[in-house]
Amino acid sequence: MKYGHFSKDSLEYIITKPETPYPWINYLTNDAYCSIISQCAGGYSFYRDCRTNRVTRWHPEDYHLDRSGKYIFVRENKKAYSLTYQPLRVKPSHYVCHHGLGYTSIDAVNNGLKSNVTYFVPEKDHCEVWIATLTNQTKKIKKLEVFPYVEFLIGDYHEELRYRNIMNLYNLVKFDKKEKAIFAKKTAKWQGMNIQPFSSQIFFASSLKVDGACTQKEAFLGRYNSEEKPDAVLKENGFKNFPLCSGEDGIGSFKHTLTLKPGETKEFTVVLGQTEKMSDIKEILKNYKKVSYAKAELRKTEKIWQDRILDNIEIKTPDKDFDTMTNVWLKYQTYICNLWSRSPSFFHEGSGGRGYRDSCQDSEAIVSINPELTKQKIFKIASLIRRDGTSAPGWSETDGPHKFLPNKDHQIWLTTTVAAYVKETGDKSILSVKLSYLKDRWIKGWKIDSSWKGGAKEDGKGTLLEHIEANLTFCFNDVGEKGFPKIGHADWNDAIDAAGIKHKGESVWLAQALVRSLRILAELCDFIDDKKKKNKYLKMADVMDERVNKKGWDGDWYVRGFDDNGQVYGTKKDKEGKIYLNAQSWAVLAGIAKDDRLKKVLASVDKYLNGPHGLALFAPAYSSWVKRLGRISMFSEGTKENAAVFCHAATFMAVAYAMSGKGDKAYEAVKRIMPNKQENMELYRTEPYVFAEYLVGPQNPYRYGEGAFTWITGTAGWNFMAATEWILGVRREFNGLRIDPSIPRSWKKCFVRRPFRGSVYAIEIQNPKGKQSGVKKITVDGEKIEGNVLPIFADKKTHKVIVTLG
Ligand code: GLC
């Protein structure tokens, strides 16, 4: 590939050209502190929540500029460069960036100085550490001035964007002589009228002897300059000591002097972080100013990430790219989504918090590799459910449950996550855990109680099972004239945001998703032997299924919904937005499309939505604003929800294909959106190691195939499930592990290593006849078994499974 490649073991993506088409980034993170970093060390950091506790600056145009960042400038004689390509952009004679699991390591050679800076976030401490190694490759003594540099944001990012001139007035950045560190905070924390003490402290320090500290941005950069031309670095004696910054833009920077003999190597560390207690900060500074300590923590961090990623499901297929994604990078991306949901990236605005729908899917997807994480998430998400069955749209670690109007689909998601957890672990006791209901100012999730005072409270308790029952029951009853669930402010598709604002519009997709969740809930009730409930939910599912087939069928596909005036959309009669992918894929996922209709649905998807860059979200794109539908029609054609190849939705369809036994199609649906299958990187542009939210769609006049909004997308989790559970077909059930592959005909042999309920299943899938699906025979440890569900051994042993398709 033009800009880089995977390492041999696939654990690193190695970037060899610094000017990639977009910044290609990595997330260095523990569960409280996160540092985002590009191949040129651009990026920003935050603590606990990316909106309310932004540590360093990020500008909305940084996906283009790739600045600001985490920089170390060097000046020797009259030459100056940065150890990373940004921000000075002096061409190094050698430059390689390794994005690894939990670290990013950048090698460069500038003016005969070989350097490596390795950035990571240790597992326990609320900070990031940069370990720098410098080697003099010349025959002359080098006298270097070294300047580590960051620009602080401090506090709430949204307030900063809106009130830039005012927010600075709260800044207080100081060099502390005793700790030899720079401390930054705001005099108070402003969030609207909610003013709180700024209870934590940002800190920045280096292990080198401090010869000067500058905390004022303009003093470092010079008038009208940016990081690209800082006076402090480019001018002789340009660095001035300014140990105090009060009420203006604050930075952290130091001046160090270093001498390197020919061949000599020196190492130092830089640490940046934010936390509450001064005693913790002192401890962190003391520890990480020791290079040996920092290196040991780096090794620990690498090991933790490798164990998380490698020590679980592993696949081997004839497609190495598919394996690389499934075994390493999809898991890693799914972890990042679980940690930070949909907010911080190089593209997103970073509004903070975690969404309900997104978190349900992320935590379902990770259950096969980290059920404990799923469990914690389930409790957190369930705490957002109200007694009436509605759900708050998400939460923020610093601000509590979200207070805005939720989309109408939230209710359907948690059931499948809970079922996945129970199937994975066999732990049915989770269903009877008593949890609080949420009481806030929302009535039935739609109207605001104007008499409500104060924040969220507890509203009595119910079991987890009761919580999810309430969720689905609300959705079942909250229907419009035709009997489909109302779409309200939107459903999965955030951008169909005007079809139901009068609270009449209905969503056929949501009806389908509800059917799927009700059927899964019925299975759960069956598992705990509650036949009454099982039958009740099956009946409700059947009622809705029938409605979809009666009123939602359009002759060759399912329609998408009805607007506030009862007018249908996603139908043959529409000139634009005729056929929507989700209304087809979910008809399959829910078991609604059967026999002839199933055939028609699959054929229509292929005919109208498929293309060389994957499956479009719908077709054709809207060419102008459709008032009755909303923002979906306002994005320029082929971008985002206006008929892009929306990878999350394309993956739903991959699963639908696999469920229908169409292995070739399932694989094709995934392959076309795989980041490491993209050949023309000048077109695709985004990282080749993580999935994008979407590829620009076919109706765009010149960008069809361009990747957009990488990393934080439900695509990651669903693709991991599609690959392992549906294409390779190794699927958890209440009573064992189902083997039901749907693979391309050309795959003659594949392997899956699957730890499950205390044993490891070493599964070999043989496909001598080139089938796409259909298990003919299974042997376990040499013995033939009936059916295709592997028994639970729970014996800590490895069992050899041979599956023959035929
Ligand atoms: C984004 C959101 C996701 C939503 C999708 C479609 O990916 O994170 O929740 O379903 O857009 O609007």
# chains A, B, ... in the order shown; residues from 1 in each chain; ligands from 1
$ closest_atom_pairs --of "chain A" --to "ligand 1" --cutoff "8 Å" --atoms "only C-alpha atoms and all ligand atoms" --output "JSON lines"
{"residue": "A:Arg342", "atom": "CA", "partner": "ligand 1", "partner_atom_place_in_ligand_line": "8 (O)", "distance": 5.7}
{"residue": "A:Gly355", "atom": "CA", "partner": "ligand 1", "partner_atom_place_in_ligand_line": "9 (O)", "distance": 7.2}
{"residue": "A:Arg357", "atom": "CA", "partner": "ligand 1", "partner_atom_place_in_ligand_line": "9 (O)", "distance": 6.1}
{"residue": "A:Asp358", "atom": "CA", "partner": "ligand 1", "partner_atom_place_in_ligand_line": "9 (O)", "distance": 5.2}
{"residue": "A:Asp491", "atom": "CA", "partner": "ligand 1", "partner_atom_place_in_ligand_line": "10 (O)", "distance": 7.5}
{"residue": "A:Trp492", "atom": "CA", "partner": "ligand 1", "partner_atom_place_in_ligand_line": "10 (O)", "distance": 4.1}
{"residue": "A:Asn493", "atom": "CA", "partner": "ligand 1", "partner_atom_place_in_ligand_line": "12 (O)", "distance": 3.6}
{"residue": "A:Asp494", "atom": "CA", "partner": "ligand 1", "partner_atom_place_in_ligand_line": "12 (O)", "distance": 3.8}
{"residue": "A:Ala495", "atom": "CA", "partner": "ligand 1", "partner_atom_place_in_ligand_line": "12 (O)", "distance": 5.7}
{"residue": "A:Glu641", "atom": "CA", "partner": "ligand 1", "partner_atom_place_in_ligand_line": "12 (O)", "distance": 6.3}
{"residue": "A:His648", "atom": "CA", "partner": "ligand 1", "partner_atom_place_in_ligand_line": "7 (O)", "distance": 7.2}
{"residue": "A:Glu693", "atom": "CA", "partner": "ligand 1", "partner_atom_place_in_ligand_line": "7 (O)", "distance": 6.3}
{"residue": "A:Ile712", "atom": "CA", "partner": "ligand 1", "partner_atom_place_in_ligand_line": "8 (O)", "distance": 7.7}
{"residue": "A:Thr713", "atom": "CA", "partner": "ligand 1", "partner_atom_place_in_ligand_line": "7 (O)", "distance": 5.4}
{"residue": "A:Gly714", "atom": "CA", "partner": "ligand 1", "partner_atom_place_in_ligand_line": "7 (O)", "distance": 6.3}
$ write_last_selection --atoms "C-alpha atoms" --output "PDB file, in the first residue's frame"
ATOM      1  CA  ARG A 342     -19.177   7.965  19.260  1.00  0.00           C
ATOM      2  CA  GLY A 355     -25.252   6.996  23.380  1.00  0.00           C
ATOM      3  CA  ARG A 357     -28.184   2.650  21.109  1.00  0.00           C
ATOM      4  CA  ASP A 358     -24.481   2.734  20.313  1.00  0.00           C
ATOM      5  CA  ASP A 491     -34.893   5.985  14.811  1.00  0.00           C
ATOM      6  CA  TRP A 492     -31.589   4.182  14.035  1.00  0.00           C
ATOM      7  CA  ASN A 493     -31.269   6.679  11.247  1.00  0.00           C
ATOM      8  CA  ASP A 494     -30.608   9.876  13.186  1.00  0.00           C
ATOM      9  CA  ALA A 495     -31.212  11.908  10.073  1.00  0.00           C
ATOM     10  CA  GLU A 641     -27.117   9.375   5.765  1.00  0.00           C
ATOM     11  CA  HIS A 648     -22.900  -0.150   9.777  1.00  0.00           C
ATOM     12  CA  GLU A 693     -18.535   5.081   9.276  1.00  0.00           C
ATOM     13  CA  ILE A 712     -16.067   5.335  16.307  1.00  0.00           C
ATOM     14  CA  THR A 713     -18.810   3.534  14.450  1.00  0.00           C
ATOM     15  CA  GLY A 714     -21.126   0.622  15.143  1.00  0.00           C
TER      16      GLY A 714
END
$ select_by_dssp --residues "stretch 26-126 of chain A" --states "alpha helix (DSSP H)" --output "JSON, numbers by chain"
{"A": [62, 63, 64, 65]}
$ write_last_selection --atoms "C-alpha atoms" --output "PDB file, in the first residue's frame"
ATOM      1  CA  ASP A  62      -7.645  19.594  12.472  1.00  0.00           C
ATOM      2  CA  TYR A  63      -8.556  16.685  10.222  1.00  0.00           C
ATOM      3  CA  HIS A  64      -7.128  18.894   7.517  1.00  0.00           C
ATOM      4  CA  LEU A  65      -4.248  20.619   9.321  1.00  0.00           C
TER       5      LEU A  65
END
$ residues_around --residues "A:Lys2" --least-positions-apart "6" --cutoff "12 Å" --atoms "only C-alpha atoms" --output "number ranges by chain"
A: 14-21, 676, 678-682, 684-685, 687-688
$ closest_atom_pairs --of "stretch 249-365 of chain A" --to "stretch 385-408 of chain A" --cutoff "7 Å" --atoms "only C-alpha atoms" --output "tab-separated table"
residue	atom	partner	partner_atom	distance
A:Gly352	CA	A:Ser396	CA	6.7
A:Gly353	CA	A:Ser396	CA	3.9
A:Arg354	CA	A:Trp395	CA	5.4
A:Gly355	CA	A:Gly394	CA	4.3
A:Tyr356	CA	A:Gly394	CA	4.4
$ write_last_selection --atoms "C-alpha atoms" --output "mmCIF file, in the first residue's frame"
data_model
loop_
_atom_site.group_PDB
_atom_site.id
_atom_site.type_symbol
_atom_site.label_atom_id
_atom_site.label_comp_id
_atom_site.auth_asym_id
_atom_site.auth_seq_id
_atom_site.Cartn_x
_atom_site.Cartn_y
_atom_site.Cartn_z
ATOM 1 C CA GLY A 352 -18.992 13.878 25.003
ATOM 2 C CA GLY A 353 -21.137 11.243 26.622
ATOM 3 C CA ARG A 354 -22.173 7.847 25.390
ATOM 4 C CA GLY A 355 -25.252 6.996 23.380
ATOM 5 C CA TYR A 356 -27.778 4.376 24.466
#
$ atom_distance --atom1 "atom CA of A:Phe175" --atom2 "atom CA of A:Gln216"
10.9 Å
$ closest_atom_pairs --of "stretch 254-340 of chain A" --to "stretch 201-210 of chain A" --cutoff "7 Å" --atoms "only C-alpha atoms" --output "tab-separated table"
residue	atom	partner	partner_atom	distance
A:Phe254	CA	A:Val210	CA	6.5
A:Lys255	CA	A:Val210	CA	6.2
A:His256	CA	A:Val210	CA	5.6
A:Phe268	CA	A:Ser207	CA	5.6
A:Thr269	CA	A:Ser207	CA	5.3
A:Val270	CA	A:Ser206	CA	4.2
A:Val271	CA	A:Ala205	CA	5.4
A:Leu272	CA	A:Phe204	CA	4.4
A:Gly273	CA	A:Phe203	CA	5.4
A:Gln274	CA	A:Ile202	CA	4.2
A:Thr275	CA	A:Gln201	CA	5.6
A:Glu276	CA	A:Gln201	CA	6.1
A:Lys289	CA	A:Ser207	CA	4.5
A:Lys290	CA	A:Ser207	CA	6.9
$ write_last_selection --atoms "all heavy atoms" --output "mmCIF file, in the first residue's frame"
data_model
loop_
_atom_site.group_PDB
_atom_site.id
_atom_site.type_symbol
_atom_site.label_atom_id
_atom_site.label_comp_id
_atom_site.auth_asym_id
_atom_site.auth_seq_id
_atom_site.Cartn_x
_atom_site.Cartn_y
_atom_site.Cartn_z
ATOM 1 N N PHE A 254 8.778 23.586 27.744
ATOM 2 C CA PHE A 254 10.023 23.703 28.511
ATOM 3 C C PHE A 254 11.179 23.907 27.561
ATOM 4 O O PHE A 254 11.113 23.527 26.394
ATOM 5 C CB PHE A 254 10.304 22.405 29.294
ATOM 6 C CG PHE A 254 9.257 22.079 30.305
ATOM 7 C CD1 PHE A 254 8.373 21.027 30.081
ATOM 8 C CD2 PHE A 254 9.133 22.829 31.468
ATOM 9 C CE1 PHE A 254 7.396 20.720 31.008
ATOM 10 C CE2 PHE A 254 8.144 22.525 32.396
ATOM 11 C CZ PHE A 254 7.281 21.466 32.164
ATOM 12 N N LYS A 255 12.223 24.482 28.124
ATOM 13 C CA LYS A 255 13.487 24.492 27.373
ATOM 14 C C LYS A 255 14.469 23.584 28.103
ATOM 15 O O LYS A 255 14.625 23.688 29.332
ATOM 16 C CB LYS A 255 14.041 25.909 27.317
ATOM 17 C CG LYS A 255 15.356 25.989 26.578
ATOM 18 C CD LYS A 255 15.878 27.392 26.558
ATOM 19 C CE LYS A 255 17.290 27.397 26.019
ATOM 20 N NZ LYS A 255 17.866 28.726 26.053
ATOM 21 N N HIS A 256 15.065 22.687 27.336
ATOM 22 C CA HIS A 256 16.105 21.820 27.890
ATOM 23 C C HIS A 256 17.336 21.927 27.002
ATOM 24 O O HIS A 256 17.201 22.150 25.793
ATOM 25 C CB HIS A 256 15.668 20.352 27.873
ATOM 26 C CG HIS A 256 14.354 20.097 28.531
ATOM 27 N ND1 HIS A 256 14.129 20.281 29.864
ATOM 28 C CD2 HIS A 256 13.177 19.652 28.018
ATOM 29 C CE1 HIS A 256 12.877 19.955 30.154
ATOM 30 N NE2 HIS A 256 12.275 19.577 29.046
ATOM 31 N N PHE A 268 14.697 10.492 27.466
ATOM 32 C CA PHE A 268 13.970 11.263 28.475
ATOM 33 C C PHE A 268 12.472 11.010 28.321
ATOM 34 O O PHE A 268 12.031 10.423 27.322
ATOM 35 C CB PHE A 268 14.297 12.760 28.391
ATOM 36 C CG PHE A 268 13.891 13.432 27.105
ATOM 37 C CD1 PHE A 268 12.678 14.109 27.002
ATOM 38 C CD2 PHE A 268 14.718 13.408 25.990
ATOM 39 C CE1 PHE A 268 12.307 14.758 25.826
ATOM 40 C CE2 PHE A 268 14.362 14.042 24.804
ATOM 41 C CZ PHE A 268 13.153 14.716 24.720
ATOM 42 N N THR A 269 11.731 11.440 29.306
ATOM 43 C CA THR A 269 10.279 11.249 29.238
ATOM 44 C C THR A 269 9.564 12.594 29.385
ATOM 45 O O THR A 269 10.102 13.540 29.981
ATOM 46 C CB THR A 269 9.756 10.349 30.376
ATOM 47 O OG1 THR A 269 10.104 10.955 31.604
ATOM 48 C CG2 THR A 269 10.312 8.953 30.302
ATOM 49 N N VAL A 270 8.354 12.619 28.841
ATOM 50 C CA VAL A 270 7.467 13.761 29.042
ATOM 51 C C VAL A 270 6.156 13.173 29.539
ATOM 52 O O VAL A 270 5.734 12.112 29.056
ATOM 53 C CB VAL A 270 7.240 14.511 27.710
ATOM 54 C CG1 VAL A 270 6.233 15.650 27.895
ATOM 55 C CG2 VAL A 270 8.554 15.044 27.156
ATOM 56 N N VAL A 271 5.548 13.826 30.503
ATOM 57 C CA VAL A 271 4.276 13.305 30.999
ATOM 58 C C VAL A 271 3.239 14.422 31.037
ATOM 59 O O VAL A 271 3.539 15.554 31.406
ATOM 60 C CB VAL A 271 4.462 12.564 32.360
ATOM 61 C CG1 VAL A 271 5.191 13.395 33.365
ATOM 62 C CG2 VAL A 271 3.129 12.132 32.950
ATOM 63 N N LEU A 272 2.035 14.064 30.573
ATOM 64 C CA LEU A 272 0.924 15.010 30.528
ATOM 65 C C LEU A 272 -0.291 14.285 31.075
ATOM 66 O O LEU A 272 -0.549 13.139 30.686
ATOM 67 C CB LEU A 272 0.667 15.415 29.071
ATOM 68 C CG LEU A 272 -0.648 16.148 28.762
ATOM 69 C CD1 LEU A 272 -0.641 17.551 29.361
ATOM 70 C CD2 LEU A 272 -0.867 16.250 27.244
ATOM 71 N N GLY A 273 -1.038 14.920 31.958
ATOM 72 C CA GLY A 273 -2.206 14.220 32.493
ATOM 73 C C GLY A 273 -3.158 15.142 33.212
ATOM 74 O O GLY A 273 -2.976 16.365 33.237
ATOM 75 N N GLN A 274 -4.185 14.546 33.754
ATOM 76 C CA GLN A 274 -5.150 15.320 34.540
ATOM 77 C C GLN A 274 -5.750 14.405 35.591
ATOM 78 O O GLN A 274 -6.161 13.276 35.290
ATOM 79 C CB GLN A 274 -6.267 15.865 33.645
ATOM 80 C CG GLN A 274 -7.304 16.677 34.414
ATOM 81 C CD GLN A 274 -8.292 17.407 33.508
ATOM 82 O OE1 GLN A 274 -8.162 17.359 32.294
ATOM 83 N NE2 GLN A 274 -9.275 18.066 34.087
ATOM 84 N N THR A 275 -5.786 14.864 36.802
ATOM 85 C CA THR A 275 -6.467 14.089 37.832
ATOM 86 C C THR A 275 -6.790 14.980 39.026
ATOM 87 O O THR A 275 -6.452 16.164 39.029
ATOM 88 C CB THR A 275 -5.676 12.813 38.207
ATOM 89 O OG1 THR A 275 -6.561 11.908 38.836
ATOM 90 C CG2 THR A 275 -4.486 13.092 39.105
ATOM 91 N N GLU A 276 -7.460 14.388 40.016
ATOM 92 C CA GLU A 276 -7.989 15.218 41.099
ATOM 93 C C GLU A 276 -6.973 15.504 42.204
ATOM 94 O O GLU A 276 -6.794 16.636 42.601
ATOM 95 C CB GLU A 276 -9.217 14.546 41.739
ATOM 96 C CG GLU A 276 -10.510 14.734 40.968
ATOM 97 C CD GLU A 276 -10.615 13.796 39.777
ATOM 98 O OE1 GLU A 276 -9.874 12.780 39.761
ATOM 99 O OE2 GLU A 276 -11.405 14.065 38.861
ATOM 100 N N LYS A 289 9.004 10.353 35.619
ATOM 101 C CA LYS A 289 10.238 11.070 35.274
ATOM 102 C C LYS A 289 11.425 10.098 35.245
ATOM 103 O O LYS A 289 12.517 10.467 34.850
ATOM 104 C CB LYS A 289 10.486 12.204 36.261
ATOM 105 C CG LYS A 289 9.656 13.453 35.949
ATOM 106 C CD LYS A 289 10.083 14.586 36.841
ATOM 107 C CE LYS A 289 9.199 15.803 36.676
ATOM 108 N NZ LYS A 289 9.655 16.900 37.538
ATOM 109 N N LYS A 290 11.165 8.870 35.679
ATOM 110 C CA LYS A 290 12.224 7.843 35.561
ATOM 111 C C LYS A 290 11.985 7.066 34.265
ATOM 112 O O LYS A 290 10.937 6.431 34.096
ATOM 113 C CB LYS A 290 12.142 6.875 36.741
ATOM 114 C CG LYS A 290 12.804 7.420 37.994
ATOM 115 C CD LYS A 290 12.787 6.375 39.087
ATOM 116 C CE LYS A 290 11.995 6.852 40.255
ATOM 117 N NZ LYS A 290 11.059 6.038 40.901
#
$ residues_around --residues "A:Glu725" --least-positions-apart "2" --cutoff "10 Å" --atoms "only C-alpha atoms" --output "tab-separated table (two decimals) with N, CA and C atoms, in the first residue's frame"
chain	number	residue	atom	x	y	z
A	368	SER	N	-18.18	-11.71	23.37
A	368	SER	CA	-17.45	-12.97	23.20
A	368	SER	C	-15.99	-12.83	23.60
A	655	VAL	N	-24.94	-9.68	7.54
A	655	VAL	CA	-25.49	-10.68	8.48
A	655	VAL	C	-26.76	-11.29	7.88
A	658	ALA	N	-25.80	-13.78	5.40
A	658	ALA	CA	-25.29	-15.01	6.03
A	658	ALA	C	-26.46	-15.82	6.62
A	718	TRP	N	-20.41	-4.69	14.72
A	718	TRP	CA	-21.22	-5.54	13.86
A	718	TRP	C	-20.36	-6.33	12.88
A	719	ASN	N	-19.28	-5.75	12.42
A	719	ASN	CA	-18.40	-6.51	11.54
A	719	ASN	C	-17.73	-7.65	12.25
A	720	PHE	N	-17.37	-7.40	13.49
A	720	PHE	CA	-16.75	-8.48	14.26
A	720	PHE	C	-17.77	-9.62	14.44
A	721	MET	N	-19.01	-9.24	14.73
A	721	MET	CA	-20.05	-10.27	14.88
A	721	MET	C	-20.31	-10.94	13.52
A	722	ALA	N	-20.35	-10.13	12.46
A	722	ALA	CA	-20.63	-10.70	11.13
A	722	ALA	C	-19.56	-11.73	10.78
A	723	ALA	N	-18.30	-11.38	11.03
A	723	ALA	CA	-17.20	-12.28	10.65
A	723	ALA	C	-17.22	-13.56	11.47
A	727	ILE	N	-20.52	-15.21	9.33
A	727	ILE	CA	-19.83	-15.77	8.16
A	727	ILE	C	-19.16	-17.08	8.58
A	728	LEU	N	-18.32	-17.03	9.61
A	728	LEU	CA	-17.76	-18.30	10.09
A	728	LEU	C	-18.81	-19.07	10.88
A	729	GLY	N	-19.80	-18.38	11.36
A	729	GLY	CA	-21.00	-19.03	11.88
A	729	GLY	C	-20.84	-19.73	13.22
A	730	VAL	N	-19.88	-19.29	14.03
A	730	VAL	CA	-19.71	-19.90	15.36
A	730	VAL	C	-20.44	-19.01	16.36
A	731	ARG	N	-21.60	-19.48	16.80
A	731	ARG	CA	-22.54	-18.61	17.49
A	731	ARG	C	-22.95	-19.16	18.83
A	732	ARG	N	-22.87	-18.31	19.83
A	732	ARG	CA	-23.31	-18.71	21.18
A	732	ARG	C	-24.81	-18.99	21.19
A	738	ARG	N	-23.34	-22.95	18.50
A	738	ARG	CA	-23.86	-23.37	17.19
A	738	ARG	C	-22.81	-23.14	16.11
A	739	ILE	N	-22.75	-24.09	15.18
A	739	ILE	CA	-21.83	-23.95	14.05
A	739	ILE	C	-22.67	-23.90	12.79
A	740	ASP	N	-22.67	-22.75	12.16
A	740	ASP	CA	-23.55	-22.56	11.02
A	740	ASP	C	-22.91	-21.59	10.01
A	741	PRO	N	-21.82	-22.02	9.40
A	741	PRO	CA	-21.07	-21.10	8.55
A	741	PRO	C	-21.83	-20.69	7.29
A	742	SER	N	-21.52	-19.49	6.82
A	742	SER	CA	-22.03	-19.00	5.55
A	742	SER	C	-20.84	-18.35	4.85
$ closest_atom_pairs --of "stretch 429-515 of chain A" --to "stretch 543-561 of chain A" --cutoff "8 Å" --atoms "only C-alpha atoms" --output "JSON lines"
{"residue": "A:Lys482", "atom": "CA", "partner": "A:Lys551", "partner_atom": "CA", "distance": 7.7}
{"residue": "A:Gly483", "atom": "CA", "partner": "A:Arg547", "partner_atom": "CA", "distance": 7.2}
{"residue": "A:Phe484", "atom": "CA", "partner": "A:Met544", "partner_atom": "CA", "distance": 7.5}
{"residue": "A:Gly505", "atom": "CA", "partner": "A:Gly561", "partner_atom": "CA", "distance": 7.6}
{"residue": "A:Glu506", "atom": "CA", "partner": "A:Gly561", "partner_atom": "CA", "distance": 5.6}
{"residue": "A:Ser507", "atom": "CA", "partner": "A:Gly561", "partner_atom": "CA", "distance": 4.4}
{"residue": "A:Val508", "atom": "CA", "partner": "A:Gly561", "partner_atom": "CA", "distance": 4.8}
{"residue": "A:Trp509", "atom": "CA", "partner": "A:Arg560", "partner_atom": "CA", "distance": 6.0}
{"residue": "A:Ala511", "atom": "CA", "partner": "A:Met544", "partner_atom": "CA", "distance": 6.5}
{"residue": "A:Gln512", "atom": "CA", "partner": "A:Asp545", "partner_atom": "CA", "distance": 7.1}
{"residue": "A:Val515", "atom": "CA", "partner": "A:Asp545", "partner_atom": "CA", "distance": 6.4}
$ closest_atom_pairs --of "stretch 335-417 of chain A" --to "stretch 296-316 of chain A" --cutoff "12 Å" --atoms "only C-alpha atoms" --output "CSV"
residue,atom,partner,partner_atom,distance
A:Tyr335,CA,A:Ile309,CA,9.0
A:Ile336,CA,A:Trp305,CA,11.5
A:Ile366,CA,A:Ile309,CA,10.7
A:Val367,CA,A:Asn312,CA,11.2
A:Ser368,CA,A:Ile313,CA,7.7
A:Ile369,CA,A:Asn312,CA,6.0
A:Asn370,CA,A:Arg308,CA,8.1
A:Pro371,CA,A:Asn312,CA,11.6
A:Leu373,CA,A:Arg308,CA,11.5
$ closest_residue --among "A:Thr639, A:Thr317, A:Gln584, A:Gln191" --to "A:Gly705" --atoms "only C-alpha atoms"
A:Thr639
$ atom_distance --atom1 "atom CA of A:Tyr13" --atom2 "atom CA of A:Asp49"
27.2 Å
$ closest_residue --among "A:Ile448, A:Ala716, A:Ala420, A:Val670" --to "A:Ile520" --atoms "only C-alpha atoms"
A:Ala420
$ closest_residue --among "A:Met167, A:Ala213, A:Ile195, A:Ile182" --to "A:Glu248" --atoms "only C-alpha atoms"
A:Met167
$ atom_distance --atom1 "atom CA of A:Ile141" --atom2 "atom CA of A:Asn237"
20.2 Å
$ residues_around --residues "A:His99" --least-positions-apart "2" --cutoff "10 Å" --atoms "only C-alpha atoms" --output "VMD selection string"
chain A and resid 6 to 7 11 to 15 24 to 28 37 to 39 96 to 97 101 to 106 118 to 119 689
